[in-house]
$ cat coords_38.csv   # CSV, C-alpha atoms and all ligand atoms
chain,number,residue,atom,x,y,z
I,1,MET,CA,-8.3,-13.9,5.9
I,2,ASP,CA,-10.4,-11.4,7.7
I,3,PHE,CA,-9.1,-8.0,6.6
I,4,ALA,CA,-11.6,-6.2,8.8
I,5,LYS,CA,-10.0,-7.8,11.9
I,6,PRO,CA,-10.0,-4.9,14.4
I,7,GLY,CA,-6.8,-3.3,15.7
I,8,GLY,CA,-4.4,-5.4,13.8
I,9,ILE,CA,-1.1,-4.3,12.3
I,10,SER,CA,0.3,-5.2,8.9
I,11,PHE,CA,3.6,-4.4,7.2
I,12,GLU,CA,4.6,-3.5,3.6
I,13,PHE,CA,8.0,-4.4,2.2
I,14,PHE,CA,9.5,-3.7,-1.2
I,15,PRO,CA,11.6,-6.1,-3.3
I,16,PRO,CA,15.2,-4.8,-3.0
I,17,LYS,CA,17.4,-4.6,-6.1
I,18,SER,CA,20.5,-6.2,-4.6
I,19,ASP,CA,21.3,-9.4,-2.8
I,20,LEU,CA,22.5,-7.4,0.2
I,21,GLY,CA,19.2,-5.5,0.2
I,22,GLU,CA,17.4,-8.8,0.2
I,23,GLN,CA,19.4,-10.0,3.2
I,24,ASN,CA,18.5,-6.9,5.1
I,25,LEU,CA,14.9,-7.4,4.2
I,26,TRP,CA,14.9,-10.9,5.6
I,27,GLN,CA,16.4,-9.6,8.8
I,28,SER,CA,13.6,-7.0,9.1
I,29,ILE,CA,10.9,-9.6,8.3
I,30,SER,CA,12.3,-11.9,11.0
I,31,GLU,CA,12.3,-9.1,13.6
I,32,LEU,CA,8.8,-8.0,12.7
I,33,THR,CA,7.5,-11.5,12.7
I,34,GLU,CA,7.6,-11.4,16.5
I,35,LEU,CA,4.8,-8.9,16.4
I,36,SER,CA,2.4,-11.4,14.7
I,37,PRO,CA,1.3,-9.0,12.0
I,38,HIS,CA,-2.1,-9.5,10.5
I,39,PHE,CA,-0.5,-9.8,7.0
I,40,VAL,CA,2.6,-8.6,5.2
I,41,SER,CA,2.6,-7.3,1.6
I,42,VAL,CA,5.3,-7.1,-1.0
I,43,THR,CA,5.2,-4.4,-3.5
I,44,TYR,CA,5.7,-4.8,-7.3
I,45,GLY,CA,8.6,-2.7,-8.6
I,46,ALA,CA,7.6,0.4,-10.7
I,47,GLY,CA,7.3,-0.7,-14.3
I,48,GLY,CA,7.3,-4.3,-13.2
I,49,SER,CA,11.1,-4.0,-12.8
I,50,THR,CA,11.5,-6.3,-9.8
I,51,ARG,CA,8.8,-8.8,-10.7
I,52,ASP,CA,10.9,-11.9,-10.1
I,53,ARG,CA,12.0,-10.7,-6.7
I,54,THR,CA,8.4,-9.9,-5.7
I,55,LEU,CA,7.4,-13.5,-6.6
I,56,ARG,CA,10.4,-15.0,-4.9
I,57,ILE,CA,10.0,-13.0,-1.7
I,58,THR,CA,6.3,-13.7,-1.5
I,59,ARG,CA,6.9,-17.4,-2.1
I,60,ARG,CA,9.5,-17.5,0.6
I,61,ILE,CA,7.3,-15.7,3.1
I,62,LYS,CA,4.6,-18.3,2.3
I,63,THR,CA,6.8,-21.3,2.6
I,64,GLU,CA,9.3,-20.4,5.3
I,65,THR,CA,7.3,-18.3,7.7
I,66,ASN,CA,3.9,-18.3,9.3
I,67,LEU,CA,3.1,-14.9,8.0
I,68,PHE,CA,0.2,-14.2,5.6
I,69,PRO,CA,1.6,-12.8,2.4
I,70,VAL,CA,-0.1,-10.4,0.0
I,71,ALA,CA,1.6,-9.9,-3.4
I,72,HIS,CA,1.2,-6.6,-5.2
I,73,LEU,CA,0.7,-6.8,-9.0
I,74,THR,CA,0.4,-3.9,-11.5
I,75,CYS,CA,-0.8,-3.7,-15.1
I,76,VAL,CA,2.4,-1.8,-16.2
I,77,GLY,CA,4.0,-3.1,-19.3
I,78,ALA,CA,2.3,-6.4,-19.2
I,79,ALA,CA,0.1,-8.3,-21.6
I,80,LYS,CA,-3.0,-9.8,-20.1
I,81,SER,CA,-1.5,-13.2,-20.8
I,82,GLU,CA,1.5,-12.3,-18.7
I,83,LEU,CA,-0.7,-11.1,-15.8
I,84,ILE,CA,-2.5,-14.4,-16.0
I,85,ASP,CA,0.8,-16.3,-15.8
I,86,ILE,CA,1.9,-14.3,-12.7
I,87,ILE,CA,-1.4,-14.9,-10.9
I,88,LYS,CA,-1.2,-18.6,-11.7
I,89,THR,CA,2.4,-18.7,-10.4
I,90,LEU,CA,1.3,-17.0,-7.1
I,91,GLN,CA,-1.5,-19.5,-6.8
I,92,ASN,CA,0.9,-22.5,-7.3
I,93,ASP,CA,3.0,-21.0,-4.6
I,94,GLY,CA,0.0,-21.0,-2.3
I,95,VAL,CA,-0.4,-17.2,-2.3
I,96,THR,CA,-4.1,-16.4,-2.0
I,97,ALA,CA,-4.1,-12.6,-1.6
I,98,LEU,CA,-3.2,-10.0,-4.2
I,99,MET,CA,-3.1,-6.2,-4.2
I,100,ALA,CA,-4.5,-5.4,-7.7
I,101,LEU,CA,-3.0,-2.1,-9.0
I,102,ARG,CA,-2.7,-0.2,-12.2
I,103,GLY,CA,0.8,1.1,-11.4
I,104,ASP,CA,2.2,4.5,-12.2
I,105,PRO,CA,3.4,5.4,-15.7
I,106,PRO,CA,6.9,4.0,-16.1
I,107,GLN,CA,8.3,7.4,-17.1
I,108,GLY,CA,7.1,8.9,-13.8
I,109,ALA,CA,3.9,9.8,-12.1
I,110,ASP,CA,3.8,13.1,-14.1
I,111,SER,CA,3.7,11.5,-17.5
I,112,THR,CA,0.7,10.0,-19.2
I,113,TRP,CA,-0.4,6.4,-18.7
I,114,ASP,CA,-0.3,4.2,-21.7
I,115,LYS,CA,-1.5,0.6,-21.3
I,116,HIS,CA,0.3,-2.3,-22.9
I,117,PRO,CA,-1.2,-3.0,-26.3
I,118,SER,CA,-2.6,-6.3,-25.1
I,119,GLY,CA,-2.8,-5.3,-21.5
I,120,LEU,CA,-5.3,-3.7,-19.0
I,121,SER,CA,-6.2,-0.1,-18.7
I,122,TYR,CA,-7.3,0.2,-15.1
I,123,ALA,CA,-6.9,-1.7,-11.8
I,124,VAL,CA,-10.5,-2.6,-11.8
I,125,GLU,CA,-9.8,-4.9,-14.8
I,126,LEU,CA,-7.1,-6.6,-12.8
I,127,VAL,CA,-9.4,-7.1,-9.9
I,128,ALA,CA,-11.9,-8.8,-12.3
I,129,LEU,CA,-9.2,-10.9,-13.8
I,130,ALA,CA,-7.9,-12.0,-10.3
I,131,LYS,CA,-11.4,-12.8,-9.3
I,132,GLU,CA,-12.0,-14.8,-12.4
I,133,LEU,CA,-8.9,-16.8,-11.8
I,134,GLY,CA,-10.0,-17.6,-8.2
I,135,ILE,CA,-7.9,-15.3,-6.1
I,136,LYS,CA,-9.6,-15.2,-2.7
I,137,ASP,CA,-8.5,-11.9,-1.2
I,138,ILE,CA,-8.2,-9.0,-3.5
I,139,GLY,CA,-6.9,-5.6,-2.2
I,140,VAL,CA,-7.0,-2.3,-4.0
I,141,ALA,CA,-5.6,1.2,-3.6
I,142,ALA,CA,-7.6,4.0,-2.0
I,143,PHE,CA,-6.7,7.7,-1.8
I,144,PRO,CA,-7.4,9.9,1.2
I,145,ASP,CA,-6.0,12.8,-0.9
I,146,LYS,CA,-7.3,12.7,-4.4
I,147,HIS,CA,-5.4,10.4,-6.9
I,148,PRO,CA,-3.2,12.9,-8.9
I,149,GLU,CA,-4.8,11.9,-12.2
I,150,SER,CA,-8.3,11.9,-10.9
I,151,PRO,CA,-10.7,14.8,-11.6
I,152,SER,CA,-12.2,14.7,-8.1
I,153,LYS,CA,-12.4,12.8,-4.8
I,154,GLN,CA,-16.0,11.9,-5.8
I,155,PHE,CA,-14.5,10.2,-8.9
I,156,ASP,CA,-12.1,8.3,-6.7
I,157,ILE,CA,-15.0,7.0,-4.7
I,158,GLU,CA,-16.8,5.8,-7.9
I,159,VAL,CA,-13.6,4.0,-8.9
I,160,LEU,CA,-13.3,2.4,-5.5
I,161,LYS,CA,-16.9,1.3,-5.7
I,162,SER,CA,-16.3,-0.2,-9.1
I,163,LYS,CA,-13.4,-2.2,-7.7
I,164,GLN,CA,-15.5,-3.5,-4.8
I,165,ASP,CA,-18.2,-4.5,-7.4
I,166,ALA,CA,-15.6,-6.3,-9.4
I,167,GLY,CA,-14.5,-8.4,-6.4
I,168,ALA,CA,-12.1,-6.4,-4.2
I,169,SER,CA,-12.4,-7.4,-0.6
I,170,PHE,CA,-10.2,-4.8,1.1
I,171,ALA,CA,-8.4,-1.5,0.3
I,172,ILE,CA,-5.2,0.0,1.6
I,173,THR,CA,-4.7,3.8,1.4
I,174,GLN,CA,-1.9,5.8,-0.1
I,175,LEU,CA,0.2,7.5,2.6
I,176,PHE,CA,-1.3,10.7,3.9
I,177,PHE,CA,-0.6,13.1,6.7
I,178,ASP,CA,-4.0,14.5,7.8
I,179,VAL,CA,-6.4,12.1,9.7
I,180,ASP,CA,-9.4,14.1,8.4
I,181,SER,CA,-8.7,13.1,4.8
I,182,TYR,CA,-9.0,9.5,5.9
I,183,PHE,CA,-12.2,10.0,7.8
I,184,GLN,CA,-13.7,12.0,4.9
I,185,LEU,CA,-12.8,9.1,2.5
I,186,LEU,CA,-14.4,6.6,4.9
I,187,GLU,CA,-17.6,8.6,5.2
I,188,GLN,CA,-17.9,9.2,1.5
I,189,ALA,CA,-17.2,5.5,0.8
I,190,ARG,CA,-19.8,4.2,3.3
I,191,SER,CA,-22.4,6.6,1.8
I,192,ALA,CA,-21.6,5.3,-1.6
I,193,GLY,CA,-22.2,1.7,-0.5
I,194,ILE,CA,-18.6,0.7,-0.2
I,195,SER,CA,-18.4,-1.7,2.7
I,196,ILE,CA,-14.9,-3.3,2.3
I,197,PRO,CA,-12.4,-2.5,5.0
I,198,ILE,CA,-10.3,0.5,4.1
I,199,ILE,CA,-7.0,0.2,5.9
I,200,PRO,CA,-4.9,3.3,6.4
I,201,GLY,CA,-1.3,3.1,5.1
I,202,ILE,CA,1.1,5.0,7.4
I,203,MET,CA,4.8,5.6,6.9
I,204,PRO,CA,6.8,6.5,10.0
I,205,LEU,CA,9.2,9.2,8.8
I,206,THR,CA,12.5,8.6,10.3
I,207,GLU,CA,15.0,10.3,8.0
I,208,ALA,CA,15.5,14.0,7.1
I,209,LYS,CA,15.5,13.1,3.3
I,210,GLN,CA,12.1,11.5,3.7
I,211,LEU,CA,10.7,14.7,5.2
I,212,GLU,CA,11.9,16.7,2.1
I,213,LYS,CA,10.5,14.1,-0.3
I,214,PHE,CA,7.2,13.6,1.3
I,215,SER,CA,6.5,17.3,2.2
I,216,GLN,CA,6.8,18.0,-1.6
I,217,LEU,CA,4.6,15.1,-2.8
I,218,ALA,CA,1.7,16.5,-4.7
I,219,GLY,CA,-0.5,13.5,-4.0
I,220,ALA,CA,-0.1,13.6,-0.2
I,221,PRO,CA,0.1,17.2,1.0
I,222,MET,CA,1.7,17.6,4.4
I,223,PRO,CA,-0.2,20.0,6.6
I,224,ASP,CA,1.7,23.0,8.0
I,225,ASP,CA,1.5,21.8,11.6
I,226,VAL,CA,3.0,18.5,10.6
I,227,LYS,CA,5.8,20.3,8.8
I,228,GLU,CA,6.4,22.5,11.9
I,229,TYR,CA,6.4,19.5,14.2
I,230,PHE,CA,9.2,18.0,12.2
I,231,SER,CA,11.0,21.3,11.6
I,232,PHE,CA,11.9,21.3,15.3
I,233,ALA,CA,14.0,18.2,14.7
I,234,ASN,CA,16.3,20.6,12.8
I,235,TYR,CA,17.6,17.7,10.6
I,236,ASP,CA,19.1,16.0,13.6
I,237,SER,CA,18.7,12.3,12.6
I,238,THR,CA,18.0,11.0,16.1
I,239,GLU,CA,15.4,13.7,16.7
I,240,VAL,CA,13.8,13.2,13.3
I,241,SER,CA,13.4,9.5,14.0
I,242,LYS,CA,12.0,10.1,17.5
I,243,ARG,CA,9.5,12.5,16.2
I,244,GLY,CA,8.6,10.3,13.2
I,245,ILE,CA,7.8,7.3,15.5
I,246,SER,CA,5.9,9.5,17.9
I,247,PHE,CA,3.9,11.2,15.1
I,248,ALA,CA,3.1,7.8,13.5
I,249,THR,CA,2.0,6.4,16.8
I,250,GLU,CA,-0.4,9.2,17.6
I,251,PHE,CA,-1.6,9.3,14.0
I,252,ALA,CA,-2.4,5.6,14.1
I,253,ARG,CA,-4.1,5.9,17.5
I,254,LYS,CA,-6.4,8.7,16.2
I,255,LEU,CA,-7.3,6.6,13.1
I,256,LEU,CA,-8.0,3.5,15.1
I,257,LEU,CA,-10.2,5.4,17.6
I,258,GLY,CA,-12.0,7.1,14.7
I,259,GLY,CA,-13.0,3.8,13.0
I,260,ALA,CA,-10.0,2.5,11.0
I,261,PRO,CA,-10.1,-1.3,11.0
I,262,SER,CA,-6.3,-1.7,11.4
I,263,ILE,CA,-3.1,-0.1,10.4
I,264,HIS,CA,-0.7,-0.9,7.5
I,265,LEU,CA,2.8,0.3,8.1
I,266,TYR,CA,5.1,1.2,5.2
I,267,THR,CA,8.3,-0.2,6.6
I,268,MET,CA,10.8,0.7,3.8
I,269,ASN,CA,12.3,-2.7,4.7
I,270,LYS,CA,13.5,-1.4,8.1
I,271,SER,CA,12.2,-2.9,11.3
I,272,THR,CA,13.1,-0.4,14.0
I,273,ALA,CA,10.4,2.3,13.5
I,274,ALA,CA,7.7,-0.2,12.4
I,275,LYS,CA,8.4,-2.3,15.5
I,276,GLN,CA,8.4,0.7,17.9
I,277,VAL,CA,5.2,2.1,16.5
I,278,SER,CA,3.6,-1.3,16.7
I,279,MET,CA,4.7,-1.8,20.3
I,280,ASN,CA,3.5,1.7,21.3
I,281,LEU,CA,0.1,0.8,19.8
I,282,ILE,CA,-0.1,-2.5,21.7
I,283,SER,CA,0.9,-1.1,25.0
I,301,LIG,C1,-1.6,0.7,-1.0
I,301,LIG,C2,-0.9,1.0,-2.3
I,301,LIG,C3,0.0,0.1,-2.8
I,301,LIG,C4,0.7,0.3,-4.0
I,301,LIG,N1,1.6,-0.6,-4.5
I,301,LIG,C5,2.2,-0.4,-5.7
I,301,LIG,C6,3.1,-1.3,-6.2
I,301,LIG,O1,3.4,-2.4,-5.6
I,301,LIG,N2,3.7,-1.1,-7.4
I,301,LIG,C7,3.5,0.1,-8.1
I,301,LIG,O2,4.0,0.2,-9.1
I,301,LIG,N3,2.6,1.0,-7.6
I,301,LIG,C8,1.9,0.8,-6.4
I,301,LIG,N4,1.0,1.7,-6.0
I,301,LIG,C9,0.8,3.0,-6.7
I,301,LIG,C10,-0.4,2.9,-7.7
I,301,LIG,O3,0.0,1.9,-8.7
I,301,LIG,C11,-0.6,4.2,-8.3
I,301,LIG,O4,-1.1,5.1,-7.3
I,301,LIG,C12,-1.4,4.3,-9.5
I,301,LIG,O5,-1.2,5.6,-10.1
I,301,LIG,C13,-2.9,4.1,-9.3
I,301,LIG,O6,-3.1,2.8,-9.1
I,301,LIG,P1,-4.6,2.3,-8.9
I,301,LIG,O7,-4.5,0.9,-8.7
I,301,LIG,O8,-5.4,3.1,-8.0
I,301,LIG,O9,-5.2,2.5,-10.4
I,301,LIG,P2,-6.7,2.8,-11.0
I,301,LIG,O10,-7.7,2.4,-10.0
I,301,LIG,O11,-6.7,2.2,-12.3
I,301,LIG,O12,-6.7,4.4,-11.1
I,301,LIG,C14,-5.7,5.0,-11.9
I,301,LIG,C15,-6.3,6.4,-12.4
I,301,LIG,O13,-7.3,6.0,-13.4
I,301,LIG,C16,-8.5,6.6,-13.0
I,301,LIG,N5,-9.5,5.6,-13.4
I,301,LIG,C17,-9.7,4.4,-12.8
I,301,LIG,N6,-10.7,3.7,-13.4
I,301,LIG,C18,-11.1,4.4,-14.4
I,301,LIG,C19,-12.1,4.2,-15.4
I,301,LIG,N7,-12.9,3.1,-15.5
I,301,LIG,N8,-12.3,5.2,-16.3
I,301,LIG,C20,-11.6,6.4,-16.2
I,301,LIG,N9,-10.6,6.6,-15.3
I,301,LIG,C21,-10.4,5.6,-14.4
I,301,LIG,C22,-8.4,6.8,-11.6
I,301,LIG,O14,-9.3,7.9,-11.2
I,301,LIG,C23,-7.0,7.2,-11.4
I,301,LIG,O15,-6.8,8.5,-11.6
I,301,LIG,C24,0.4,1.5,-4.8
I,301,LIG,C25,-0.6,2.4,-4.2
I,301,LIG,C26,-1.2,2.2,-3.0
I,301,LIG,C27,-2.2,3.2,-2.5
$ encode --input "coords_38.csv" --output "structure tokens"
Amino acid sequence: MDFAKPGGISFEFFPPKSDLGEQNLWQSISELTELSPHFVSVTYGAGGSTRDRTLRITRRIKTETNLFPVAHLTCVGAAKSELIDIIKTLQNDGVTALMALRGDPPQGADSTWDKHPSGLSYAVELVALAKELGIKDIGVAAFPDKHPESPSKQFDIEVLKSKQDAGASFAITQLFFDVDSYFQLLEQARSAGISIPIIPGIMPLTEAKQLEKFSQLAGAPMPDDVKEYFSFANYDSTEVSKRGISFATEFARKLLLGGAPSIHLYTMNKSTAAKQVSMNLIS
């Protein structure tokens, strides 16, 4: 898979906790398939909680659709031997691409990270393990706004470089709301010898509750002009959604024009906004 393919769109889904949620997910996948996404990724539940569903959904995408699946995997709460088993299961299912992540501490992003006694400490070790086991395409996380636990953006760049050196072939960013943070990351990465594609992750905000949540996220500060743009929606759900789609479209356009290889949309398992943003970008 060429993760540097210019102008493509990819989608991220998460494994729902209920059967009904899974049915809705498949409906969304089916609707978004029409847009021929570059690839689709399936997250790994915090704390490894939805592990079986991640594997099942990824397997089904591989066997029942013509989409290219990327399975997320984290080091949380897993011995190295379990991680090996999961990677081998994915390989048996024909899944050749993996997002190798550390994961957040299971007690929440504010608590300290403790590795499993027989597990891995950092994502870079999972990259190396996946590479050793023959995974072809290995993706990693990148952070336009500093990772909350990291001492500096420069350290984030060093970590990203170490992941490339260990075998990562592409990166997807954490969500962010300021295009300049992405361009700065890209520039610093290229100066440090990081050549892998760094795909910006964008979440179209379509619900008032998402605005509240994301405007307070320490790891992804929302600039005042963005807050103001959404404040005019005045919590009217139709207007929030309209503005969210419009904002995500313009944001993506700026990123693509400025050198982003493609766009990764966080769908929240819903197709409407992701589809609209994708169609706006194509037209
Ligand atoms: C695109 C994307 C997808 C994600 N998908 C999921 C998912 O499916 N499931 C999930 O639970 N979480 C997911 N996350 C969240 C991610 O797991 C967290 O952001 C986590 O806190 C960091 O993961 P990482 O892979 O960047 O870890 P790492 O690269 O290991 O970094 C974690 C922290 O350790 C530091 N660090 C790294 N290497 C070293 C080292 N050698 N020495 C000292 N310090 C070091 C880093 O600076 C950072 O502060 C995703 C994040 C992104 C951006």
$ residues_around --input "coords_38.csv" --residues "I:Tyr235" --least-positions-apart "6" --cutoff "12 Å" --atoms "only C-alpha atoms" --output "PDB file with C-alpha atoms, in the frame of the given file"
ATOM      1  CA  THR I 206      12.500   8.600  10.300  1.00  0.00           C
ATOM      2  CA  GLU I 207      15.000  10.300   8.000  1.00  0.00           C
ATOM      3  CA  ALA I 208      15.500  14.000   7.100  1.00  0.00           C
ATOM      4  CA  LYS I 209      15.500  13.100   3.300  1.00  0.00           C
ATOM      5  CA  GLN I 210      12.100  11.500   3.700  1.00  0.00           C
ATOM      6  CA  LEU I 211      10.700  14.700   5.200  1.00  0.00           C
ATOM      7  CA  GLU I 212      11.900  16.700   2.100  1.00  0.00           C
ATOM      8  CA  TYR I 229       6.400  19.500  14.200  1.00  0.00           C
ATOM      9  CA  SER I 241      13.400   9.500  14.000  1.00  0.00           C
ATOM     10  CA  LYS I 242      12.000  10.100  17.500  1.00  0.00           C
ATOM     11  CA  ARG I 243       9.500  12.500  16.200  1.00  0.00           C
ATOM     12  CA  GLY I 244       8.600  10.300  13.200  1.00  0.00           C
TER      13      GLY I 244
END
$ closest_atom_pairs --input "coords_38.csv" --of "chain I" --to "ligand LIG 301 (chain I)" --cutoff "7 Å" --atoms "all atoms listed in the file" --output "JSON lines"
{"residue": "I:Val42", "atom": "CA", "partner": "I:LIG301", "partner_atom": "O1", "distance": 6.8}
{"residue": "I:Thr43", "atom": "CA", "partner": "I:LIG301", "partner_atom": "O1", "distance": 3.4}
{"residue": "I:Tyr44", "atom": "CA", "partner": "I:LIG301", "partner_atom": "O1", "distance": 3.7}
{"residue": "I:Gly45", "atom": "CA", "partner": "I:LIG301", "partner_atom": "N2", "distance": 5.3}
{"residue": "I:Ala46", "atom": "CA", "partner": "I:LIG301", "partner_atom": "O2", "distance": 3.9}
{"residue": "I:Gly47", "atom": "CA", "partner": "I:LIG301", "partner_atom": "O2", "distance": 6.2}
{"residue": "I:Gly48", "atom": "CA", "partner": "I:LIG301", "partner_atom": "O2", "distance": 6.9}
{"residue": "I:His72", "atom": "CA", "partner": "I:LIG301", "partner_atom": "O1", "distance": 4.8}
{"residue": "I:Leu73", "atom": "CA", "partner": "I:LIG301", "partner_atom": "O1", "distance": 6.2}
{"residue": "I:Thr74", "atom": "CA", "partner": "I:LIG301", "partner_atom": "O2", "distance": 6.0}
{"residue": "I:Ala100", "atom": "CA", "partner": "I:LIG301", "partner_atom": "O7", "distance": 6.4}
{"residue": "I:Leu101", "atom": "CA", "partner": "I:LIG301", "partner_atom": "O7", "distance": 3.4}
{"residue": "I:Arg102", "atom": "CA", "partner": "I:LIG301", "partner_atom": "O7", "distance": 4.1}
{"residue": "I:Gly103", "atom": "CA", "partner": "I:LIG301", "partner_atom": "O3", "distance": 2.9}
{"residue": "I:Asp104", "atom": "CA", "partner": "I:LIG301", "partner_atom": "O5", "distance": 4.1}
{"residue": "I:Ala109", "atom": "CA", "partner": "I:LIG301", "partner_atom": "O5", "distance": 6.9}
{"residue": "I:Ser121", "atom": "CA", "partner": "I:LIG301", "partner_atom": "O11", "distance": 6.8}
{"residue": "I:Tyr122", "atom": "CA", "partner": "I:LIG301", "partner_atom": "O11", "distance": 3.5}
{"residue": "I:Ala123", "atom": "CA", "partner": "I:LIG301", "partner_atom": "O11", "distance": 3.9}
{"residue": "I:Val124", "atom": "CA", "partner": "I:LIG301", "partner_atom": "O10", "distance": 6.0}
{"residue": "I:Val140", "atom": "CA", "partner": "I:LIG301", "partner_atom": "O7", "distance": 6.2}
{"residue": "I:Ala141", "atom": "CA", "partner": "I:LIG301", "partner_atom": "C27", "distance": 4.1}
{"residue": "I:Ala142", "atom": "CA", "partner": "I:LIG301", "partner_atom": "C27", "distance": 5.5}
{"residue": "I:Phe143", "atom": "CA", "partner": "I:LIG301", "partner_atom": "C27", "distance": 6.4}
{"residue": "I:His147", "atom": "CA", "partner": "I:LIG301", "partner_atom": "O15", "distance": 5.3}
{"residue": "I:Pro148", "atom": "CA", "partner": "I:LIG301", "partner_atom": "O15", "distance": 6.3}
{"residue": "I:Glu149", "atom": "CA", "partner": "I:LIG301", "partner_atom": "O15", "distance": 4.0}
{"residue": "I:Ser150", "atom": "CA", "partner": "I:LIG301", "partner_atom": "O15", "distance": 3.8}
{"residue": "I:Phe155", "atom": "CA", "partner": "I:LIG301", "partner_atom": "O14", "distance": 6.1}
{"residue": "I:Asp156", "atom": "CA", "partner": "I:LIG301", "partner_atom": "O14", "distance": 5.3}
{"residue": "I:Val159", "atom": "CA", "partner": "I:LIG301", "partner_atom": "N6", "distance": 5.4}
{"residue": "I:Ile172", "atom": "CA", "partner": "I:LIG301", "partner_atom": "C1", "distance": 4.5}
{"residue": "I:Thr173", "atom": "CA", "partner": "I:LIG301", "partner_atom": "C27", "distance": 4.7}
{"residue": "I:Gln174", "atom": "CA", "partner": "I:LIG301", "partner_atom": "C27", "distance": 3.6}
{"residue": "I:Gly201", "atom": "CA", "partner": "I:LIG301", "partner_atom": "C1", "distance": 6.6}
$ atom_distance --input "coords_38.csv" --atom1 "atom CA of I:Asp224" --atom2 "atom CA of I:Arg253"
20.4 Å
$ closest_residue --input "coords_38.csv" --among "I:Leu35, I:Val40, I:Leu255, I:Ala220" --to "I:Pro200" --atoms "all atoms listed in the file"
I:Leu255
$ residues_around --input "coords_38.csv" --residues "I:Glu187" --least-positions-apart "5" --cutoff "12 Å" --atoms "only C-alpha atoms" --output "count of residues only"
14
$ closest_residue --input "coords_38.csv" --among "I:Lys88, I:Lys227, I:Lys275, I:Arg51" --to "I:Ile245" --atoms "all atoms listed in the file"
I:Lys275
$ closest_residue --input "coords_38.csv" --among "I:Ser278, I:Pro69, I:Glu239, I:Glu31" --to "I:Ser262" --atoms "only C-alpha atoms"
I:Ser278
$ atom_distance --input "coords_38.csv" --atom1 "atom CA of I:Ser191" --atom2 "atom CA of I:Asp178"
20.9 Å
$ residues_around --input "coords_38.csv" --residues "stretch 62-68 of chain I" --least-positions-apart "4" --cutoff "8 Å" --atoms "all atoms listed in the file" --output "VMD selection string"
chain I and resid 33 36 to 40 58 93 to 95
$ closest_residue --input "coords_38.csv" --among "I:Ser111, I:Asn92, I:Thr50, I:Ser162" --to "I:Leu126" --atoms "all atoms listed in the file"
I:Ser162
$ atom_distance --input "coords_38.csv" --atom1 "atom CA of I:Ser18" --atom2 "atom CA of I:Thr238"
27.0 Å
$ residues_around --input "coords_38.csv" --residues "I:Val70" --least-positions-apart "6" --cutoff "6 Å" --atoms "all atoms listed in the file" --output "list in words"
Ser41, Ala97 and Leu98 of chain I
$ axis_aligned_box --input "coords_38.csv" --around "stretch 271-276 of chain I" --padding-each-side "8 Å" --output "lines of an AutoDock Vina configuration file"
center_x = 10.4
center_y = -0.3
center_z = 14.6
size_x = 21.4
size_y = 21.2
size_z = 22.6
$ residues_around --input "coords_38.csv" --residues "I:Ala130" --least-positions-apart "5" --cutoff "9 Å" --atoms "only C-alpha atoms" --output "MDAnalysis selection string"
chainID I and resid 84 87 98 100 125 135:136 138 167
$ write_last_selection --input "coords_38.csv" --atoms "C-alpha atoms" --output "CSV table (one decimal), keeping the file's coordinate frame"
chain,number,residue,atom,x,y,z
I,84,ILE,CA,-2.5,-14.4,-16.0
I,87,ILE,CA,-1.4,-14.9,-10.9
I,98,LEU,CA,-3.2,-10.0,-4.2
I,100,ALA,CA,-4.5,-5.4,-7.7
I,125,GLU,CA,-9.8,-4.9,-14.8
I,135,ILE,CA,-7.9,-15.3,-6.1
I,136,LYS,CA,-9.6,-15.2,-2.7
I,138,ILE,CA,-8.2,-9.0,-3.5
I,167,GLY,CA,-14.5,-8.4,-6.4
$ residues_near_point --input "coords_38.csv" --point "(10.2, -12.1, -4.0)" --cutoff "9 Å" --atoms "all atoms listed in the file" --output "PyMOL selection string"
chain I and resi 14-16+22+42+50-61+71
$ closest_residue --input "coords_38.csv" --among "I:Gln276, I:Leu83, I:His264, I:Phe230" --to "I:Ala171" --atoms "only C-alpha atoms"
I:His264
